$ cat target26.txt   # compact mmCIF, C-alpha atoms (C1' of nucleotides)
# COMPACT_ATOMS: atom_id res chain seq x y z
CA MET A 1 0.00 0.00 0.00
CA ASN A 2 1.20 3.49 -0.89
CA LYS A 3 -0.35 6.93 -0.92
CA THR A 4 -1.29 6.88 -4.59
CA LYS A 5 -3.04 3.55 -4.26
CA ALA A 6 -4.88 4.57 -1.07
CA ILE A 7 -6.15 7.77 -2.70
CA GLU A 8 -7.22 5.73 -5.71
CA ILE A 9 -9.27 3.48 -3.41
CA LEU A 10 -10.88 6.50 -1.75
CA THR A 11 -11.92 8.16 -5.01
CA LYS A 12 -13.02 4.89 -6.59
CA ASN A 13 -15.41 4.48 -3.66
CA GLN A 14 -16.59 8.08 -3.87
CA TYR A 15 -15.00 9.22 -0.65
CA LYS A 16 -13.46 12.66 -0.59
CA VAL A 17 -9.74 13.12 -0.33
CA THR A 18 -9.47 15.63 2.51
CA THR A 19 -6.33 17.10 4.05
CA ARG A 20 -7.01 15.15 7.25
CA ARG A 21 -7.30 11.89 5.32
CA GLU A 22 -4.03 12.60 3.58
CA THR A 23 -2.31 13.38 6.86
CA ILE A 24 -3.60 10.10 8.32
CA LEU A 25 -2.08 8.26 5.36
CA ASP A 26 1.22 10.07 5.87
CA PHE A 27 1.22 8.98 9.50
CA PHE A 28 0.78 5.31 8.70
CA LEU A 29 3.07 5.27 5.68
CA LYS A 30 5.85 6.88 7.67
CA GLU A 31 6.36 3.79 9.82
CA ASP A 32 5.76 0.16 9.04
CA ARG A 33 4.35 -0.79 12.42
CA TYR A 34 1.21 -0.95 14.56
CA HIS A 35 -0.11 2.27 16.09
CA THR A 36 -2.97 2.97 18.49
CA ALA A 37 -5.80 5.40 17.86
CA LYS A 38 -4.19 7.61 20.48
CA ASN A 39 -0.87 7.66 18.61
CA LEU A 40 -2.70 8.96 15.56
CA TYR A 41 -4.79 11.41 17.57
CA ASP A 42 -1.65 12.97 19.08
CA TYR A 43 -0.06 13.26 15.64
CA MET A 44 -3.19 14.87 14.22
CA GLU A 45 -3.65 17.24 17.13
CA GLU A 46 -0.22 18.78 16.52
CA ARG A 47 -1.32 19.59 12.98
CA TYR A 48 -5.04 20.27 13.54
CA PRO A 49 -5.50 21.49 17.14
CA ALA A 50 -9.30 21.20 16.82
CA ILE A 51 -9.29 17.62 15.55
CA SER A 52 -12.12 15.50 16.92
CA PHE A 53 -12.09 11.91 18.18
CA ASP A 54 -14.86 11.33 15.74
CA THR A 55 -12.66 12.19 12.79
CA VAL A 56 -9.87 9.94 14.00
CA TYR A 57 -12.00 6.89 14.71
CA ARG A 58 -14.30 7.36 11.73
CA ASN A 59 -11.38 7.44 9.34
CA LEU A 60 -9.60 4.56 11.03
CA HIS A 61 -12.69 2.44 10.49
CA LEU A 62 -13.15 3.72 6.97
CA TYR A 63 -9.57 2.86 6.04
CA HIS A 64 -9.93 -0.50 7.70
CA ASP A 65 -13.13 -1.27 5.80
CA LEU A 66 -11.50 -0.22 2.53
CA GLY A 67 -8.49 -2.45 3.22
CA ILE A 68 -6.07 0.45 3.44
CA LEU A 69 -5.35 -0.39 7.07
CA GLU A 70 -5.30 -3.69 8.93
CA SER A 71 -5.79 -4.06 12.67
CA THR A 72 -5.12 -6.31 15.61
CA ASN A 73 -5.95 -6.27 19.31
CA LEU A 74 -2.95 -6.02 21.61
CA ASN A 75 -3.82 -6.02 25.30
CA ALA A 76 -7.43 -5.03 24.75
CA GLU A 77 -6.56 -2.00 22.61
CA LYS A 78 -6.94 -1.84 18.85
CA HIS A 79 -3.77 -1.27 16.86
CA PHE A 80 -3.67 -0.28 13.21
CA ARG A 81 -1.02 -0.51 10.52
CA ILE A 82 -0.82 0.14 6.82
CA SER A 83 -2.06 -2.84 4.87
CA CYS A 84 0.37 -5.18 3.17
CA HIS A 85 -1.93 -7.75 1.64
CA SER A 86 -0.05 -8.49 -1.55
CA ASP A 87 0.28 -12.07 -0.30
CA HIS A 88 -1.10 -13.92 2.70
CA HIS A 89 1.23 -13.74 5.65
CA HIS A 90 1.42 -13.07 9.39
CA HIS A 91 3.57 -10.89 11.61
CA PHE A 92 6.20 -10.91 14.25
CA ILE A 93 5.38 -7.89 16.46
CA CYS A 94 8.05 -6.33 18.67
CA ASN A 95 6.82 -5.84 22.22
CA THR A 96 9.00 -2.76 22.63
CA CYS A 97 8.86 -0.72 19.43
CA GLY A 98 5.82 -2.28 17.75
CA LYS A 99 7.65 -2.86 14.47
CA THR A 100 6.45 -5.81 12.44
CA THR A 101 8.23 -8.45 10.41
CA PRO A 102 6.33 -10.62 7.95
CA ILE A 103 6.32 -14.36 8.54
CA HIS A 104 5.64 -16.52 5.54
CA VAL A 105 4.48 -19.51 7.51
CA CYS A 106 0.79 -20.27 7.85
CA PRO A 107 -0.55 -23.30 9.65
CA MET A 108 -4.07 -23.12 8.24
CA ASN A 109 -3.78 -25.94 5.71
CA GLU A 110 -2.84 -28.48 8.34
CA ALA A 111 -5.23 -27.05 10.89
CA GLN A 112 -8.11 -27.23 8.47
CA GLU A 113 -7.71 -30.97 8.13
CA THR A 114 -8.41 -31.42 11.82
CA LEU A 115 -11.48 -29.18 11.66
CA THR A 116 -13.77 -30.86 9.18
CA SER A 117 -17.41 -29.92 9.89
CA TYR A 118 -16.30 -26.58 11.34
CA LYS A 119 -16.96 -23.45 9.31
CA ILE A 120 -13.79 -21.38 9.36
CA GLU A 121 -14.28 -17.62 9.10
CA GLY A 122 -10.92 -16.28 10.14
CA HIS A 123 -7.67 -16.94 11.93
CA LYS A 124 -4.88 -15.12 13.70
CA PHE A 125 -1.23 -16.06 14.02
CA GLU A 126 1.09 -13.59 15.68
CA ILE A 127 4.50 -13.92 17.29
CA TYR A 128 5.56 -11.48 19.99
CA GLY A 129 9.02 -10.66 21.31
CA LEU A 130 12.00 -8.39 20.79
CA CYS A 131 13.33 -7.40 17.39
CA PRO A 132 17.13 -7.36 16.90
CA GLU A 133 17.36 -3.58 17.43
CA CYS A 134 15.43 -3.62 20.70
CA GLN A 135 17.52 -6.51 22.04
CA ILE A 136 20.66 -4.42 21.63
CA ALA A 137 19.01 -1.38 23.23
CA SER A 138 17.91 -3.30 26.33
CA MET B 1 -7.58 -28.09 35.63
CA ASN B 2 -10.17 -29.12 38.19
CA LYS B 3 -11.46 -27.68 41.44
CA THR B 4 -9.18 -29.71 43.73
CA LYS B 5 -6.12 -28.68 41.79
CA ALA B 6 -7.12 -25.02 41.68
CA ILE B 7 -7.70 -24.94 45.44
CA GLU B 8 -4.36 -26.64 45.93
CA ILE B 9 -2.69 -23.87 43.91
CA LEU B 10 -4.43 -21.20 45.98
CA THR B 11 -3.40 -22.65 49.36
CA LYS B 12 0.10 -23.46 48.18
CA ASN B 13 0.50 -19.76 47.36
CA GLN B 14 -1.08 -18.70 50.66
CA TYR B 15 -4.23 -17.28 49.18
CA LYS B 16 -7.44 -17.81 51.09
CA VAL B 17 -10.15 -20.12 49.81
CA THR B 18 -13.26 -17.97 50.06
CA THR B 19 -16.80 -18.82 49.03
CA ARG B 20 -16.57 -16.30 46.18
CA ARG B 21 -13.38 -17.87 44.88
CA GLU B 22 -15.01 -21.28 44.92
CA THR B 23 -18.05 -19.98 43.08
CA ILE B 24 -15.81 -18.43 40.42
CA LEU B 25 -14.16 -21.80 39.92
CA ASP B 26 -17.56 -23.47 39.61
CA PHE B 27 -18.50 -20.96 36.95
CA PHE B 28 -15.48 -21.66 34.79
CA LEU B 29 -15.44 -25.42 35.34
CA LYS B 30 -19.10 -25.67 34.34
CA GLU B 31 -18.36 -24.78 30.71
CA ASP B 32 -15.27 -25.33 28.63
CA ARG B 33 -15.33 -22.03 26.77
CA TYR B 34 -14.30 -18.38 26.92
CA HIS B 35 -16.32 -16.02 29.11
CA THR B 36 -16.15 -12.26 29.61
CA ALA B 37 -15.76 -10.53 32.96
CA LYS B 38 -19.37 -9.45 32.57
CA ASN B 39 -20.53 -13.07 32.15
CA LEU B 40 -18.90 -13.90 35.45
CA TYR B 41 -20.18 -10.75 37.13
CA ASP B 42 -23.78 -11.61 36.18
CA TYR B 43 -23.35 -15.16 37.50
CA MET B 44 -21.87 -13.89 40.75
CA GLU B 45 -24.49 -11.20 41.23
CA GLU B 46 -27.28 -13.82 41.24
CA ARG B 47 -25.54 -15.54 44.11
CA TYR B 48 -24.02 -12.52 45.93
CA PRO B 49 -26.20 -9.48 45.17
CA ALA B 50 -23.59 -7.16 46.70
CA ILE B 51 -20.64 -8.50 44.69
CA SER B 52 -18.19 -5.82 43.61
CA PHE B 53 -16.42 -5.33 40.29
CA ASP B 54 -13.27 -5.28 42.30
CA THR B 55 -13.80 -8.84 43.50
CA VAL B 56 -14.55 -10.10 40.03
CA TYR B 57 -11.60 -8.47 38.29
CA ARG B 58 -9.15 -9.02 41.14
CA ASN B 59 -9.83 -12.73 41.18
CA LEU B 60 -9.80 -13.05 37.41
CA HIS B 61 -6.30 -11.58 37.42
CA LEU B 62 -5.24 -13.68 40.37
CA TYR B 63 -6.42 -16.88 38.70
CA HIS B 64 -4.76 -15.82 35.49
CA ASP B 65 -1.45 -15.12 37.24
CA LEU B 66 -1.64 -18.49 39.00
CA GLY B 67 -2.30 -20.30 35.73
CA ILE B 68 -5.77 -21.43 36.76
CA LEU B 69 -7.31 -19.38 33.95
CA GLU B 70 -6.01 -18.44 30.54
CA SER B 71 -7.17 -15.43 28.55
CA THR B 72 -7.45 -13.97 25.09
CA ASN B 73 -8.64 -10.70 23.59
CA LEU B 74 -11.65 -10.99 21.31
CA ASN B 75 -12.78 -7.70 19.79
CA ALA B 76 -11.03 -5.60 22.37
CA GLU B 77 -12.57 -7.40 25.34
CA LYS B 78 -10.74 -9.87 27.54
CA HIS B 79 -12.14 -13.40 27.64
CA PHE B 80 -11.19 -16.03 30.19
CA ARG B 81 -11.42 -19.81 30.28
CA ILE B 82 -10.28 -22.54 32.58
CA SER B 83 -6.70 -23.50 31.87
CA CYS B 84 -5.93 -26.64 29.92
CA HIS B 85 -2.16 -26.59 29.79
CA SER B 86 -1.46 -30.30 30.00
CA ASP B 87 0.07 -30.06 26.51
CA HIS B 88 0.82 -27.16 24.18
CA HIS B 89 -2.07 -26.46 21.84
CA HIS B 90 -4.24 -23.75 20.37
CA HIS B 91 -7.97 -23.22 19.94
CA PHE B 92 -10.74 -22.99 17.47
CA ILE B 93 -13.20 -20.47 18.96
CA CYS B 94 -16.83 -20.40 17.88
CA ASN B 95 -17.96 -16.89 16.98
CA THR B 96 -21.48 -17.65 18.13
CA CYS B 97 -21.33 -19.72 21.31
CA GLY B 98 -17.72 -19.16 22.33
CA LYS B 99 -16.99 -22.86 22.73
CA THR B 100 -13.43 -23.91 22.07
CA THR B 101 -11.90 -26.90 20.35
CA PRO B 102 -8.22 -27.72 20.80
CA ILE B 103 -6.04 -27.71 17.70
CA HIS B 104 -2.89 -29.76 17.91
CA VAL B 105 -1.07 -27.90 15.19
CA CYS B 106 1.54 -25.32 16.07
CA PRO B 107 3.57 -23.47 13.48
CA MET B 108 6.22 -22.18 15.86
CA ASN B 109 9.00 -24.59 14.88
CA GLU B 110 8.95 -23.53 11.25
CA ALA B 111 8.35 -19.88 12.10
CA GLN B 112 11.31 -19.83 14.46
CA GLU B 113 13.66 -20.79 11.65
CA THR B 114 12.78 -17.62 9.77
CA LEU B 115 13.25 -15.46 12.87
CA THR B 116 16.84 -16.03 13.88
CA SER B 117 18.15 -13.00 15.82
CA TYR B 118 14.64 -12.26 17.09
CA LYS B 119 13.88 -12.99 20.75
CA ILE B 120 10.54 -14.78 20.85
CA GLU B 121 8.49 -14.21 24.00
CA GLY B 122 5.09 -15.47 23.00
CA HIS B 123 2.73 -16.34 20.20
CA LYS B 124 -0.94 -16.64 19.43
CA PHE B 125 -2.70 -18.90 16.98
CA GLU B 126 -6.46 -18.91 16.96
CA ILE B 127 -9.06 -19.98 14.42
CA TYR B 128 -12.51 -18.38 14.43
CA GLY B 129 -15.74 -19.56 12.87
CA LEU B 130 -18.83 -21.64 13.54
CA CYS B 131 -18.80 -24.94 15.39
CA PRO B 132 -20.94 -27.79 14.00
CA GLU B 133 -23.78 -27.12 16.48
CA CYS B 134 -24.01 -23.43 15.65
CA GLN B 135 -24.02 -24.13 11.90
CA ILE B 136 -27.13 -26.26 12.33
CA ALA B 137 -28.78 -23.62 14.49
CA SER B 138 -28.26 -20.83 11.96
C1' DT C 1 -11.56 -16.68 70.54
C1' DT C 2 -8.78 -13.31 69.36
C1' DA C 3 -5.93 -10.78 66.39
C1' DC C 4 -4.15 -9.70 62.07
C1' DA C 5 -3.68 -9.89 57.35
C1' DA C 6 -6.28 -10.77 53.36
C1' DA C 7 -10.51 -10.28 50.87
C1' DT C 8 -14.50 -7.84 49.81
C1' DC C 9 -17.72 -3.90 49.32
C1' DG C 10 -19.25 0.47 47.56
C1' DT C 11 -18.30 3.69 44.60
C1' DA C 12 -15.64 6.84 41.91
C1' DA C 13 -12.17 7.39 38.37
C1' DT C 14 -9.94 6.20 34.12
C1' DC C 15 -9.31 4.79 29.44
C1' DA C 16 -10.76 3.50 24.85
C1' DT C 17 -14.37 3.97 21.98
C1' DT C 18 -18.87 5.40 20.07
C1' DA C 19 -22.63 8.63 19.14
C1' DC C 20 -24.84 12.66 17.49
C1' DG C 21 -26.55 17.38 16.59
C1' DA C 22 -24.53 21.43 14.67
C1' DT C 23 -21.32 23.45 11.45
C1' DA C 24 -18.22 23.64 7.53
C1' DG C 25 -16.74 22.27 3.04
C1' DA C 26 -16.72 20.18 -1.58
C1' DA C 27 -19.12 18.80 -5.91
C1' DT C 28 -22.91 19.34 -9.10
C1' DG C 29 -26.49 21.51 -11.82
C1' DT C 30 -28.63 25.84 -13.14
C1' DA D 1 -21.62 32.78 -9.43
C1' DC D 2 -25.27 30.75 -6.63
C1' DA D 3 -28.16 27.42 -4.53
C1' DT D 4 -28.55 22.63 -3.43
C1' DT D 5 -27.05 18.49 -1.62
C1' DC D 6 -24.04 15.41 0.18
C1' DT D 7 -20.02 14.37 2.89
C1' DA D 8 -16.74 15.43 6.43
C1' DT D 9 -15.62 17.51 10.59
C1' DC D 10 -16.19 19.60 15.19
C1' DG D 11 -17.57 19.77 19.91
C1' DT D 12 -19.00 17.32 23.34
C1' DA D 13 -21.53 13.89 25.81
C1' DA D 14 -22.39 8.98 26.52
C1' DT D 15 -21.08 4.25 26.88
C1' DG D 16 -18.61 0.09 28.18
C1' DA D 17 -14.73 -2.26 30.09
C1' DT D 18 -11.53 -1.91 33.50
C1' DT D 19 -8.95 -0.09 37.49
C1' DA D 20 -8.48 2.14 42.00
C1' DC D 21 -9.11 2.88 46.84
C1' DG D 22 -10.81 3.85 51.61
C1' DA D 23 -13.87 1.46 54.71
C1' DT D 24 -15.58 -2.84 56.31
C1' DT D 25 -15.84 -7.81 56.71
C1' DT D 26 -14.01 -12.45 56.68
C1' DG D 27 -10.73 -16.42 56.92
C1' DT D 28 -6.90 -18.46 59.22
C1' DA D 29 -3.43 -19.43 62.45
C1' DA D 30 -1.94 -18.85 67.12
$ encode --input "target26.txt" --output "structure tokens"
Amino acid sequence: MNKTKAIEILTKNQYKVTTRRETILDFFLKEDRYHTAKNLYDYMEERYPAISFDTVYRNLHLYHDLGILESTNLNAEKHFRISCHSDHHHHFICNTCGKTTPIHVCPMNEAQETLTSYKIEGHKFEIYGLCPECQIAS
Amino acid sequence: MNKTKAIEILTKNQYKVTTRRETILDFFLKEDRYHTAKNLYDYMEERYPAISFDTVYRNLHLYHDLGILESTNLNAEKHFRISCHSDHHHHFICNTCGKTTPIHVCPMNEAQETLTSYKIEGHKFEIYGLCPECQIAS
DNA sequence: TTACAAATCGTAATCATTACGATAGAATGT
DNA sequence: ACATTCTATCGTAATGATTACGATTTGTAA
């Protein structure tokens, strides 16, 4: 996902490309990692002192629905990152800096065999720990 | 995990065995699935009309820390279930009834090979969908 | 049974998220 | 250019889950 493609998705779906929406894209494209709604709110508030929660959450959900962002729950708080769905994969997530590393291992084929007569609607595979950089820092 | 073992863990760690703590165990042992704090609170309130949030949450955390319960985050809300750590496995979780089915497939060995120089501290593999019973019901 | 620490109650505070009426802004047709 | 009509945003209040804490009660060991 890049800015051009995200804007293309917005216009294709008849959503307006506003300055706030562009700034939100900049925020997520700047760093390839998970961020909380609060992280984004703080970033936006520096640039638009009157920004509303509504704008932040509404656009997070919009981007999520359009596939521009993907999300995960880490300790009962939603985290969002720029989408990278060119192929199916999962993530290593650093507990310290939040940076993600793709993992190209997916156990669903094997798992599926043991779940005949179950209707599978989704799955989650995440690995948590310290990335090389954060190990050195600690 | 069963009631005798849970009580053994409590006393071994010098925690008191109170009526509320026993009732909480009954609640989780009754059904092999994930429950929210609210589920437990409602159950407790029927039996102890003056039960406090504090008691519910404090004991959920205590049981979790002692390994009597395990937890997961489903749509930004913590869910708890009685621990079943006899062997390492993961769960299929029904989106409708919350019942769990163990899955004896774990992708960590393969994943680890691709993550040399990363320090792995934990992982999560969950499959969501409809269990056979809930497919019939819908 | 007494005494003390642990557990619980009652209630307020916090944190993330959602909701909604009022206002502002962009796109379209005249 | 102007009016019309959506859409987006603001301002703020409400909700839902969770945490916090002083006051009171209860369990346990001497």
$ calpha_fit_and_write --input "target26.txt" --fixed "chain B" --moving "chain A" --output "mmCIF file with C-alpha atoms, in the coordinates of the input"
data_model
loop_
_atom_site.group_PDB
_atom_site.id
_atom_site.type_symbol
_atom_site.label_atom_id
_atom_site.label_comp_id
_atom_site.auth_asym_id
_atom_site.auth_seq_id
_atom_site.Cartn_x
_atom_site.Cartn_y
_atom_site.Cartn_z
ATOM 1 C CA MET A 1 -7.702 -28.106 35.567
ATOM 2 C CA ASN A 2 -10.322 -29.144 38.111
ATOM 3 C CA LYS A 3 -11.618 -27.720 41.357
ATOM 4 C CA THR A 4 -9.373 -29.797 43.593
ATOM 5 C CA LYS A 5 -6.272 -28.784 41.690
ATOM 6 C CA ALA A 6 -7.244 -25.090 41.612
ATOM 7 C CA ILE A 7 -7.838 -25.058 45.374
ATOM 8 C CA GLU A 8 -4.505 -26.800 45.845
ATOM 9 C CA ILE A 9 -2.809 -24.010 43.871
ATOM 10 C CA LEU A 10 -4.548 -21.355 45.967
ATOM 11 C CA THR A 11 -3.545 -22.858 49.313
ATOM 12 C CA LYS A 12 -0.027 -23.677 48.151
ATOM 13 C CA ASN A 13 0.389 -19.977 47.373
ATOM 14 C CA GLN A 14 -1.156 -18.914 50.671
ATOM 15 C CA TYR A 15 -4.310 -17.471 49.199
ATOM 16 C CA LYS A 16 -7.529 -18.043 51.075
ATOM 17 C CA VAL A 17 -10.214 -20.280 49.693
ATOM 18 C CA THR A 18 -13.291 -18.072 50.002
ATOM 19 C CA THR A 19 -16.855 -18.860 48.969
ATOM 20 C CA ARG A 20 -16.593 -16.287 46.173
ATOM 21 C CA ARG A 21 -13.418 -17.902 44.850
ATOM 22 C CA GLU A 22 -15.099 -21.278 44.867
ATOM 23 C CA THR A 23 -18.123 -19.922 43.040
ATOM 24 C CA ILE A 24 -15.841 -18.380 40.400
ATOM 25 C CA LEU A 25 -14.240 -21.790 39.886
ATOM 26 C CA ASP A 26 -17.664 -23.401 39.564
ATOM 27 C CA PHE A 27 -18.571 -20.863 36.899
ATOM 28 C CA PHE A 28 -15.542 -21.597 34.758
ATOM 29 C CA LEU A 29 -15.562 -25.349 35.288
ATOM 30 C CA LYS A 30 -19.200 -25.549 34.284
ATOM 31 C CA GLU A 31 -18.447 -24.679 30.664
ATOM 32 C CA ASP A 32 -15.355 -25.286 28.610
ATOM 33 C CA ARG A 33 -15.383 -21.974 26.781
ATOM 34 C CA TYR A 34 -14.321 -18.325 26.914
ATOM 35 C CA HIS A 35 -16.309 -15.934 29.101
ATOM 36 C CA THR A 36 -16.097 -12.177 29.624
ATOM 37 C CA ALA A 37 -15.682 -10.461 32.970
ATOM 38 C CA LYS A 38 -19.282 -9.345 32.593
ATOM 39 C CA ASN A 39 -20.502 -12.930 32.163
ATOM 40 C CA LEU A 40 -18.876 -13.795 35.472
ATOM 41 C CA TYR A 41 -20.105 -10.630 37.169
ATOM 42 C CA ASP A 42 -23.715 -11.429 36.218
ATOM 43 C CA TYR A 43 -23.338 -14.984 37.509
ATOM 44 C CA MET A 44 -21.851 -13.746 40.774
ATOM 45 C CA GLU A 45 -24.422 -11.017 41.255
ATOM 46 C CA GLU A 46 -27.249 -13.570 41.247
ATOM 47 C CA ARG A 47 -25.528 -15.341 44.127
ATOM 48 C CA TYR A 48 -23.957 -12.365 45.941
ATOM 49 C CA PRO A 49 -26.084 -9.266 45.212
ATOM 50 C CA ALA A 50 -23.435 -7.000 46.786
ATOM 51 C CA ILE A 51 -20.529 -8.369 44.759
ATOM 52 C CA SER A 52 -18.027 -5.727 43.690
ATOM 53 C CA PHE A 53 -16.257 -5.250 40.356
ATOM 54 C CA ASP A 54 -13.099 -5.264 42.354
ATOM 55 C CA THR A 55 -13.685 -8.798 43.558
ATOM 56 C CA VAL A 56 -14.452 -10.040 40.068
ATOM 57 C CA TYR A 57 -11.473 -8.461 38.342
ATOM 58 C CA ARG A 58 -9.048 -9.061 41.197
ATOM 59 C CA ASN A 59 -9.813 -12.756 41.226
ATOM 60 C CA LEU A 60 -9.766 -13.046 37.453
ATOM 61 C CA HIS A 61 -6.253 -11.635 37.470
ATOM 62 C CA LEU A 62 -5.239 -13.762 40.417
ATOM 63 C CA TYR A 63 -6.441 -16.938 38.717
ATOM 64 C CA HIS A 64 -4.763 -15.879 35.518
ATOM 65 C CA ASP A 65 -1.459 -15.233 37.283
ATOM 66 C CA LEU A 66 -1.680 -18.598 39.036
ATOM 67 C CA GLY A 67 -2.362 -20.367 35.732
ATOM 68 C CA ILE A 68 -5.834 -21.473 36.747
ATOM 69 C CA LEU A 69 -7.344 -19.386 33.961
ATOM 70 C CA GLU A 70 -6.044 -18.446 30.529
ATOM 71 C CA SER A 71 -7.173 -15.415 28.555
ATOM 72 C CA THR A 72 -7.421 -13.970 25.090
ATOM 73 C CA ASN A 73 -8.594 -10.691 23.588
ATOM 74 C CA LEU A 74 -11.613 -10.973 21.317
ATOM 75 C CA ASN A 75 -12.731 -7.679 19.807
ATOM 76 C CA ALA A 76 -10.934 -5.556 22.372
ATOM 77 C CA GLU A 77 -12.494 -7.348 25.352
ATOM 78 C CA LYS A 78 -10.687 -9.839 27.551
ATOM 79 C CA HIS A 79 -12.104 -13.349 27.635
ATOM 80 C CA PHE A 80 -11.183 -15.980 30.192
ATOM 81 C CA ARG A 81 -11.445 -19.754 30.258
ATOM 82 C CA ILE A 82 -10.340 -22.529 32.544
ATOM 83 C CA SER A 83 -6.762 -23.491 31.847
ATOM 84 C CA CYS A 84 -5.950 -26.643 29.928
ATOM 85 C CA HIS A 85 -2.182 -26.540 29.775
ATOM 86 C CA SER A 86 -1.418 -30.228 30.045
ATOM 87 C CA ASP A 87 0.168 -29.957 26.596
ATOM 88 C CA HIS A 88 0.881 -27.052 24.276
ATOM 89 C CA HIS A 89 -1.975 -26.417 21.908
ATOM 90 C CA HIS A 90 -4.200 -23.715 20.419
ATOM 91 C CA HIS A 91 -7.930 -23.257 19.993
ATOM 92 C CA PHE A 92 -10.699 -23.074 17.506
ATOM 93 C CA ILE A 93 -13.165 -20.541 18.983
ATOM 94 C CA CYS A 94 -16.801 -20.512 17.876
ATOM 95 C CA ASN A 95 -17.958 -17.023 16.958
ATOM 96 C CA THR A 96 -21.487 -17.808 18.113
ATOM 97 C CA CYS A 97 -21.309 -19.822 21.327
ATOM 98 C CA GLY A 98 -17.684 -19.215 22.322
ATOM 99 C CA LYS A 99 -16.954 -22.917 22.778
ATOM 100 C CA THR A 100 -13.384 -23.961 22.127
ATOM 101 C CA THR A 101 -11.832 -26.957 20.430
ATOM 102 C CA PRO A 102 -8.154 -27.757 20.880
ATOM 103 C CA ILE A 103 -5.962 -27.764 17.793
ATOM 104 C CA HIS A 104 -2.792 -29.774 18.002
ATOM 105 C CA VAL A 105 -1.007 -27.909 15.264
ATOM 106 C CA CYS A 106 1.588 -25.288 16.103
ATOM 107 C CA PRO A 107 3.585 -23.433 13.498
ATOM 108 C CA MET A 108 6.243 -22.098 15.858
ATOM 109 C CA ASN A 109 9.043 -24.489 14.921
ATOM 110 C CA GLU A 110 8.959 -23.487 11.282
ATOM 111 C CA ALA A 111 8.340 -19.846 12.071
ATOM 112 C CA GLN A 112 11.294 -19.725 14.404
ATOM 113 C CA GLU A 113 13.652 -20.689 11.616
ATOM 114 C CA THR A 114 12.725 -17.563 9.698
ATOM 115 C CA LEU A 115 13.200 -15.364 12.765
ATOM 116 C CA THR A 116 16.804 -15.860 13.757
ATOM 117 C CA SER A 117 18.090 -12.797 15.654
ATOM 118 C CA TYR A 118 14.577 -12.072 16.931
ATOM 119 C CA LYS A 119 13.836 -12.749 20.585
ATOM 120 C CA ILE A 120 10.526 -14.580 20.746
ATOM 121 C CA GLU A 121 8.478 -13.995 23.894
ATOM 122 C CA GLY A 122 5.088 -15.312 22.925
ATOM 123 C CA HIS A 123 2.740 -16.244 20.128
ATOM 124 C CA LYS A 124 -0.943 -16.587 19.389
ATOM 125 C CA PHE A 125 -2.695 -18.900 16.962
ATOM 126 C CA GLU A 126 -6.468 -18.933 16.964
ATOM 127 C CA ILE A 127 -9.049 -20.065 14.437
ATOM 128 C CA TYR A 128 -12.499 -18.495 14.427
ATOM 129 C CA GLY A 129 -15.735 -19.736 12.884
ATOM 130 C CA LEU A 130 -18.805 -21.836 13.567
ATOM 131 C CA CYS A 131 -18.746 -25.104 15.470
ATOM 132 C CA PRO A 132 -20.869 -27.995 14.123
ATOM 133 C CA GLU A 133 -23.722 -27.307 16.575
ATOM 134 C CA CYS A 134 -23.980 -23.620 15.703
ATOM 135 C CA GLN A 135 -23.959 -24.376 11.969
ATOM 136 C CA ILE A 136 -27.059 -26.522 12.393
ATOM 137 C CA ALA A 137 -28.759 -23.882 14.551
ATOM 138 C CA SER A 138 -28.216 -21.098 12.009
#
$ interface_residues --input "target26.txt" --of "chain B" --to "chain D" --cutoff "10 Å" --atoms "only C-alpha atoms (C1' of nucleotides)" --output "list in words"
Lys16, Val17, Thr18, Ala37, Lys38, Phe53, Asp54, Tyr57, Arg58, Ala76, Glu77 and Lys78 of chain B
$ write_last_selection --input "target26.txt" --atoms "C-alpha atoms" --output "PDB file, keeping the file's coordinate frame"
ATOM      1  CA  LYS B  16      -7.440 -17.810  51.090  1.00  0.00           C
ATOM      2  CA  VAL B  17     -10.150 -20.120  49.810  1.00  0.00           C
ATOM      3  CA  THR B  18     -13.260 -17.970  50.060  1.00  0.00           C
ATOM      4  CA  ALA B  37     -15.760 -10.530  32.960  1.00  0.00           C
ATOM      5  CA  LYS B  38     -19.370  -9.450  32.570  1.00  0.00           C
ATOM      6  CA  PHE B  53     -16.420  -5.330  40.290  1.00  0.00           C
ATOM      7  CA  ASP B  54     -13.270  -5.280  42.300  1.00  0.00           C
ATOM      8  CA  TYR B  57     -11.600  -8.470  38.290  1.00  0.00           C
ATOM      9  CA  ARG B  58      -9.150  -9.020  41.140  1.00  0.00           C
ATOM     10  CA  ALA B  76     -11.030  -5.600  22.370  1.00  0.00           C
ATOM     11  CA  GLU B  77     -12.570  -7.400  25.340  1.00  0.00           C
ATOM     12  CA  LYS B  78     -10.740  -9.870  27.540  1.00  0.00           C
TER      13      LYS B  78
END
$ atom_distance --input "target26.txt" --atom1 "CA of Ser83 in chain B" --atom2 "CA of Leu69 in chain B"
4.7 Å
$ interface_residues --input "target26.txt" --of "chain C" --to "chain B" --cutoff "8 Å" --atoms "only C-alpha atoms (C1' of nucleotides)" --output "PyMOL selection string"
chain C and resi 6+8-10
$ atom_distance --input "target26.txt" --atom1 "CA of Ser138 in chain B" --atom2 "CA of Asp65 in chain A"
25.5 Å
$ axis_aligned_box --input "target26.txt" --around "range 19-27 of chain B" --padding-each-side "3 Å" --output "AutoDock Vina command-line options"
--center_x -15.9 --center_y -19.9 --center_z 43.0 --size_x 11.1 --size_y 13.2 --size_z 18.1
$ atom_distance --input "target26.txt" --atom1 "CA of Phe27 in chain A" --atom2 "C1' of DC15 in chain C"
22.9 Å
